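Enquirer: Sharing a structure with you now.
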Amino acid sequence: MVEPCRLRRFCHLVKPGSVTLGQVSASTQSPLPKMPVPPLKQTCELYLGVLETFLEPKELKRTEQLVEDFLKPGGVGEKLQRGLERKAETTENWLTDDFLKYEVLIKRKPVVIRLNFGILCPRKDVKDKREQLRCAAEFIATVLDIKTMVDNETLPVEFMGGKPLCMKQYEQVFSSCCLPGPEVDSLLFLAKSFNPPKHITVVHNGQFFALDVYNSDGNLLTVDQLRVQLQRICESSQQTDAEPVGLLTTQPRDAWSKSHTRLMQDETNKASLTAIESSIFTLCLDGPMPPQSDEMKYRRSGLLQMLHGGGSQWFSGNRWFDKGLQIIIGEDGTRGINCEHTVADGTVLMAICDHAVNNTNRETAHVTQAPRDPLAMPQKLHFNITPEIRQDIEEARQHLDTLNKSCATSLCCSSTITLLKQCTVLIVFFIIVFFIPCYWTCLFIDALNTHSFLCSLVQNVDMTVTVFGHFGKTAIKAQKLSPDAFVQMAIQLAFYRVYKKIGAMLEPATLRLFTRGRLIIMPTNSTASAAFVKAFDDPNQQNLVKVELLEKAVKEHRKRTDLVLSGHGIAAHFIGLMSQAIEKNIPMPDIFTDASYTQVFDVFEVSTSQVTSRTGCLLCNSLDQPGMYDVDYSIMDKHIDCRVSALEASNTKEKSPTRLSRALDGALLDMMSLLEATQSPTGCFRPE
């Protein structure tokens, strides 16, 4: 099966500051509009506008010719456009299913780190195991509050710019799972099934339990009841030498699919897998992590715990990374979630976390009643571990943990890497000689990248966590500028200062204004932003000219964002067109196999996301490939929380999150200093 495009990053965040809750519930919400199909010529012109910022003239000219050929009357572009327009008429959303299939489910990389994201909630003051279980019970109860509203269709609809957003993703969070397949994964959604699950999964010391969260009268268990049940589970799982079956979910998807098939051949294993995969969500009860000396180091440690569990020696085996939602509560008060990103986007999960933190932070105690009936003992989920499965677990452990940070070799796979290196030149030679289509080449390279990445999966995640405390949203708005666009320009300036070139950058935007809308990436490079970053440190440029260039860049960024929000983005349209080519067995047009396309949507250098929490929660984004930076930021009123991550060790000049983070701090300060020094009177841009 061939992937239609190489948008390697399945983006999942959007600026939520403009999202508000309304009084309308899902049951009374009017139908949302369908996502439009943009004009073909408009999309191609926008695409060339992005390429102008970093392509050499010769490369740009070649791509312009490809675009011209694609747009010829009666050509392949028109044919694919007509097919997409027909599909839009007969489907709820012409993009979402194809995007999930070809950009996520078909990928064979592990979901841990590469796809799943984590959210770290503010630390809870927990002193012992009993308080950990109380904290976990409260978190469970607040999340089940949202599930009840989803089930009853009373969850308030969110609005953005006065327009309602699609709320489908809240339903998909619960009783969902990504099931491994030999060629393509599949999604399991049971929240709205005829007999929806009534249990959650609890994992403690790598051992899994099914816990019913409803009383015999149909009401949810109280916080006290939940705590009692969690205590029973912990007392039944004291041993720490159980086989960490959860590690299997960290494997590449082909390997995990084979292990999954082997597990399903045993009836006991099959029953346990079914209970885990169908559960409302998974609760992970972790032990304490090593204490940290300051808040920033704690945040970094906590974020990585939410993202991958710390490796097999810590809590990565205390997970089931296929689950749509995992709630993680540590014995030291660390708490948060891990989300399998195919089920929902980051803003939806952040809203759930905010709800949980708000309600568990209340001083008033939960109103509880003594159970009318004795509570049934939680069911332990057993696994019969064969020698083959034990070997699979050991391989998963070795793949997850690294023996060094260089990503060059590990003892467990050095011979394999050597063999791959010896074969690579010969295979690439045949690829070139026999003109194998570009997308097959990308699949081969993707396999090599997956293998080398797995040899350093956990330890090679490098992250710098900072708080930029000089100013925040209030000061940026006082300059009559969009806070998000301002930070985006600072990121571009920081990268330019470090690497002396324009970096290809992406930012997600939501399509939830449309039925079943998810997120889509948009290139943030423009001729206006390139002109700004090149001029900012030029001593020959006047300050007023620099301010004017900044304002033009911010205005252009807002214009492009609004275009994507209205369903007219480049990436979404191109995915739809390429999906049409595959469905109709049409050879992939050259415009999509060209190196320029890869440079924009595949080997981009920085992925950015803004997600802001009302309660101080922080997001840890997925990291798709080595060599790419991820910059997550939360623009608060008086400060900006920043997380810069990469999949390469920080001791190299080429990819250092610490270096880029410092450059970002400097860019933010210098840009604000410039605005304050010139006191520009302009105010034509709409603030967020």
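Identifiers in the structure tokens: chain A, B, ... in order shown; residue index from 1 per chain; ligand index from 1 in order shown.
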With only C-alpha atoms counted and 8 Å as the cut-off, give the residues of region 40-125 of chain A in contact with region 323-342 of chain A, each with its shortest interatomic distance in Å and the pair that gives it, as a tab-separated table.
Expert:
```
residue	atom	partner	partner_atom	distance
A:Leu100	CA	A:Thr342	CA	6.8
A:Val104	CA	A:Thr342	CA	7.3
A:Val111	CA	A:Glu340	CA	7.4
A:Leu115	CA	A:His341	CA	6.2
A:Asn116	CA	A:Glu340	CA	4.7
A:Phe117	CA	A:Cys339	CA	5.6
A:Gly118	CA	A:Asn338	CA	4.4
A:Ile119	CA	A:Ile337	CA	5.3
A:Leu120	CA	A:Gly336	CA	4.5
A:Cys121	CA	A:Gly336	CA	5.0
A:Pro122	CA	A:Arg335	CA	7.3
A:Arg123	CA	A:Thr334	CA	5.1
A:Lys124	CA	A:Gly333	CA	4.6
A:Asp125	CA	A:Gly333	CA	5.8
```
Enquirer: So, counting only C-alpha atoms, which residue among A:Arg643, A:Lys380, A:Lys107, A:Arg558 is closest to Ile233 (chain A)?
Expert: A:Lys380
Enquirer: Tell me, as a list in words, which residues lie within 7 Å of region 383-391 of chain A, counting only C-alpha atoms; anything in the same chain fewer than 5 positions away does not count.
Expert: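 Listing them by chain and then by number gives Ser259, Thr268 and Asn269 of chain A.
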Enquirer: May I ask which of the residues A:Glu277, A:Asp69, A:Asp594, A:Glu78 is the closest one to Cys177 (chain A), counting only C-alpha atoms?
Expert: A:Glu277
Enquirer: Nearest to Glu56 (chain A) among A:Ile502, A:Pro73, A:Glu676, A:Gln172, with distances taken over only C-alpha atoms: which residue is it?
Expert: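 Using only C-alpha atoms, the shortest distance to Glu56 (chain A) belongs to A:Ile502.
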Enquirer: So what do you get for CA of Ser301 (chain A) versus CA of Trp314 (chain A), distance-wise?
Expert: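 Interatomic distance here is 12.0 Å.
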Enquirer: Looking only at alpha helix (DSSP H) from DSSP on the backbone, list the matching residues of region 551-617 of chain A as number ranges by chain.
Expert: A: 551-565, 570-583, 590-593, 595-601
Enquirer: Which one is closest to Lys127 (chain A): A:Pro288, A:Thr658, A:Gln231, A:Glu85? Count only C-alpha atoms.
Expert: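 Residue with the minimum atom-to-atom distance to Lys127 (chain A): A:Pro288.
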Enquirer: Extract, using only C-alpha atoms, all DNA, RNA and protein residues at most 9 Å from Val547 (chain A), discarding same-chain residues fewer than 3 positions from it, and format them as a PyMOL selection string.
Expert: chain A and resi 532+536+542-544+550-552+671+674-675+678+680
Enquirer: Could the residues in this selection be saved with C-alpha atoms as a PDB file, in the first residue's frame?
Expert:
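Below is the file part-v1.pdb, written as the result:
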```pdb
ATOM      1  CA  PHE A 532      11.640  40.421   8.069  1.00  0.00           C
ATOM      2  CA  PHE A 536      16.213  42.403  11.424  1.00  0.00           C
ATOM      3  CA  GLN A 542      16.369  51.571   9.675  1.00  0.00           C
ATOM      4  CA  ASN A 543      14.374  50.545  12.735  1.00  0.00           C
ATOM      5  CA  LEU A 544      11.121  51.845  11.298  1.00  0.00           C
ATOM      6  CA  LEU A 550       7.483  42.781  11.117  1.00  0.00           C
ATOM      7  CA  GLU A 551       3.963  44.112  10.844  1.00  0.00           C
ATOM      8  CA  LYS A 552       3.682  42.940   7.230  1.00  0.00           C
ATOM      9  CA  MET A 671      11.556  42.300  18.752  1.00  0.00           C
ATOM     10  CA  LEU A 674      12.422  47.365  18.724  1.00  0.00           C
ATOM     11  CA  LEU A 675       8.681  47.997  18.961  1.00  0.00           C
ATOM     12  CA  THR A 678      10.029  53.028  17.769  1.00  0.00           C
ATOM     13  CA  SER A 680       4.951  52.382  16.023  1.00  0.00           C
TER      14      SER A 680
END
```
Enquirer: When you look at region 206-213 of chain A with a cut-off of 8 Å (counting only C-alpha atoms), what residues show up, excluding the ones that are within fewer than 4 positions of it in the same chain? I need them as a PyMOL selection string.
Expert: chain A and resi 198-202+220-221+226+229+233+237+240+242-246+275-276+279+317-319+378-382
Enquirer: Enumerate, as a ChimeraX atom specification, the complete set of residues in region 79-310 of chain A that a backbone-based DSSP assignment places in strand (DSSP E).
Expert: /A:117-121,156-160,163-164,176-179,186-189,199-204,207-212,282-286
Enquirer: CA of Val50 (chain A) and CA of Ala504 (chain A) are how many Å apart?
Expert: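 Value for the CA of Val50 (chain A)-CA of Ala504 (chain A) distance: 9.0 Å.
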Enquirer: Env of region 39-43 of chain A: 12 Å cut, atoms = only C-alpha atoms, seq-sep filter 5 positions within chain, self excluded. Answer as number ranges by chain.
Expert: A: 48-50, 67-73, 76-82, 84-85, 522, 560, 563-564, 567-577
Enquirer: Could you list, as a list in words, every residue within 9 Å of region 497-500 of chain A, counting only C-alpha atoms and ignoring same-chain residues fewer than 2 positions away?
Expert: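 Everything that qualifies: Gln492, Leu493, Ala494, Phe495, Ile502, Gly503, Val533, Asp537, Glu654, Arg659, Leu660, Ala663 and Ala667 of chain A.
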Enquirer: May I have the residues from that selection written out with all heavy atoms, as an mmCIF file, in the first residue's frame?
Expert:
```cif
data_model
loop_
_atom_site.group_PDB
_atom_site.id
_atom_site.type_symbol
_atom_site.label_atom_id
_atom_site.label_comp_id
_atom_site.auth_asym_id
_atom_site.auth_seq_id
_atom_site.Cartn_x
_atom_site.Cartn_y
_atom_site.Cartn_z
ATOM 1 N N GLN A 492 11.069 32.072 13.723
ATOM 2 C CA GLN A 492 11.774 32.140 12.445
ATOM 3 C C GLN A 492 13.056 32.958 12.570
ATOM 4 O O GLN A 492 14.095 32.596 12.003
ATOM 5 C CB GLN A 492 10.861 32.728 11.368
ATOM 6 C CG GLN A 492 9.666 31.845 11.035
ATOM 7 C CD GLN A 492 8.977 32.242 9.743
ATOM 8 O OE1 GLN A 492 9.597 32.744 8.810
ATOM 9 N NE2 GLN A 492 7.666 32.019 9.678
ATOM 10 N N LEU A 493 13.002 34.049 13.316
ATOM 11 C CA LEU A 493 14.198 34.869 13.517
ATOM 12 C C LEU A 493 15.246 34.094 14.313
ATOM 13 O O LEU A 493 16.448 34.150 13.986
ATOM 14 C CB LEU A 493 13.829 36.164 14.241
ATOM 15 C CG LEU A 493 14.987 37.096 14.616
ATOM 16 C CD1 LEU A 493 15.776 37.522 13.380
ATOM 17 C CD2 LEU A 493 14.465 38.318 15.372
ATOM 18 N N ALA A 494 14.830 33.378 15.340
ATOM 19 C CA ALA A 494 15.769 32.600 16.151
ATOM 20 C C ALA A 494 16.475 31.552 15.303
ATOM 21 O O ALA A 494 17.698 31.369 15.397
ATOM 22 C CB ALA A 494 15.026 31.942 17.316
ATOM 23 N N PHE A 495 15.723 30.840 14.477
ATOM 24 C CA PHE A 495 16.326 29.818 13.620
ATOM 25 C C PHE A 495 17.307 30.451 12.635
ATOM 26 O O PHE A 495 18.396 29.908 12.390
ATOM 27 C CB PHE A 495 15.235 29.061 12.864
ATOM 28 C CG PHE A 495 15.742 27.871 12.090
ATOM 29 C CD1 PHE A 495 15.780 26.621 12.675
ATOM 30 C CD2 PHE A 495 16.182 28.006 10.783
ATOM 31 C CE1 PHE A 495 16.250 25.515 11.972
ATOM 32 C CE2 PHE A 495 16.661 26.914 10.075
ATOM 33 C CZ PHE A 495 16.688 25.665 10.674
ATOM 34 N N ILE A 502 16.916 30.464 6.034
ATOM 35 C CA ILE A 502 15.485 30.374 6.291
ATOM 36 C C ILE A 502 15.130 28.907 6.488
ATOM 37 O O ILE A 502 15.451 28.056 5.648
ATOM 38 C CB ILE A 502 14.670 30.956 5.125
ATOM 39 C CG1 ILE A 502 15.024 32.424 4.900
ATOM 40 C CG2 ILE A 502 13.176 30.800 5.388
ATOM 41 C CD1 ILE A 502 14.646 33.341 6.031
ATOM 42 N N GLY A 503 14.499 28.576 7.603
ATOM 43 C CA GLY A 503 14.110 27.198 7.863
ATOM 44 C C GLY A 503 12.665 26.940 7.479
ATOM 45 O O GLY A 503 11.784 27.776 7.712
ATOM 46 N N VAL A 533 13.029 38.498 8.713
ATOM 47 C CA VAL A 533 14.145 37.890 9.449
ATOM 48 C C VAL A 533 15.488 38.261 8.829
ATOM 49 O O VAL A 533 16.497 38.399 9.540
ATOM 50 C CB VAL A 533 13.985 36.357 9.534
ATOM 51 C CG1 VAL A 533 12.720 35.992 10.268
ATOM 52 C CG2 VAL A 533 14.012 35.711 8.161
ATOM 53 N N ASP A 537 18.585 41.927 11.658
ATOM 54 C CA ASP A 537 19.936 42.161 12.180
ATOM 55 C C ASP A 537 20.832 42.900 11.191
ATOM 56 O O ASP A 537 22.044 42.990 11.405
ATOM 57 C CB ASP A 537 20.580 40.830 12.573
ATOM 58 C CG ASP A 537 19.909 40.198 13.783
ATOM 59 O OD1 ASP A 537 19.506 40.949 14.692
ATOM 60 O OD2 ASP A 537 19.785 38.958 13.809
ATOM 61 N N GLU A 654 24.585 21.214 15.448
ATOM 62 C CA GLU A 654 23.543 21.214 14.432
ATOM 63 C C GLU A 654 22.135 21.215 15.029
ATOM 64 O O GLU A 654 21.249 21.920 14.575
ATOM 65 C CB GLU A 654 23.725 19.996 13.504
ATOM 66 C CG GLU A 654 24.889 20.126 12.539
ATOM 67 C CD GLU A 654 26.241 20.039 13.235
ATOM 68 O OE1 GLU A 654 26.309 19.428 14.335
ATOM 69 O OE2 GLU A 654 27.223 20.578 12.704
ATOM 70 N N ARG A 659 20.233 25.629 22.539
ATOM 71 C CA ARG A 659 20.708 26.759 21.730
ATOM 72 C C ARG A 659 19.555 27.484 21.046
ATOM 73 O O ARG A 659 19.487 28.713 21.038
ATOM 74 C CB ARG A 659 21.704 26.247 20.693
ATOM 75 C CG ARG A 659 22.443 27.348 19.945
ATOM 76 C CD ARG A 659 23.454 26.745 19.000
ATOM 77 N NE ARG A 659 24.194 27.780 18.292
ATOM 78 C CZ ARG A 659 24.675 27.651 17.065
ATOM 79 N NH1 ARG A 659 24.471 26.520 16.408
ATOM 80 N NH2 ARG A 659 25.338 28.622 16.484
ATOM 81 N N LEU A 660 18.637 26.719 20.452
ATOM 82 C CA LEU A 660 17.504 27.357 19.787
ATOM 83 C C LEU A 660 16.612 28.049 20.806
ATOM 84 O O LEU A 660 16.059 29.126 20.532
ATOM 85 C CB LEU A 660 16.703 26.320 18.994
ATOM 86 C CG LEU A 660 15.552 26.889 18.166
ATOM 87 C CD1 LEU A 660 16.066 27.870 17.108
ATOM 88 C CD2 LEU A 660 14.757 25.771 17.491
ATOM 89 N N ALA A 663 18.125 31.311 21.653
ATOM 90 C CA ALA A 663 17.956 32.228 20.524
ATOM 91 C C ALA A 663 16.521 32.749 20.460
ATOM 92 O O ALA A 663 16.291 33.920 20.109
ATOM 93 C CB ALA A 663 18.320 31.524 19.219
ATOM 94 N N ALA A 667 15.322 36.572 20.518
ATOM 95 C CA ALA A 667 14.497 37.135 19.446
ATOM 96 C C ALA A 667 13.258 37.824 20.011
ATOM 97 O O ALA A 667 12.890 38.922 19.572
ATOM 98 C CB ALA A 667 14.101 36.028 18.471
#
```
Enquirer: If you measure from CA of Ser316 (chain A) to CA of Leu188 (chain A), what distance in Å do you get, rounded to one decimal?
Expert: 22.6 Å
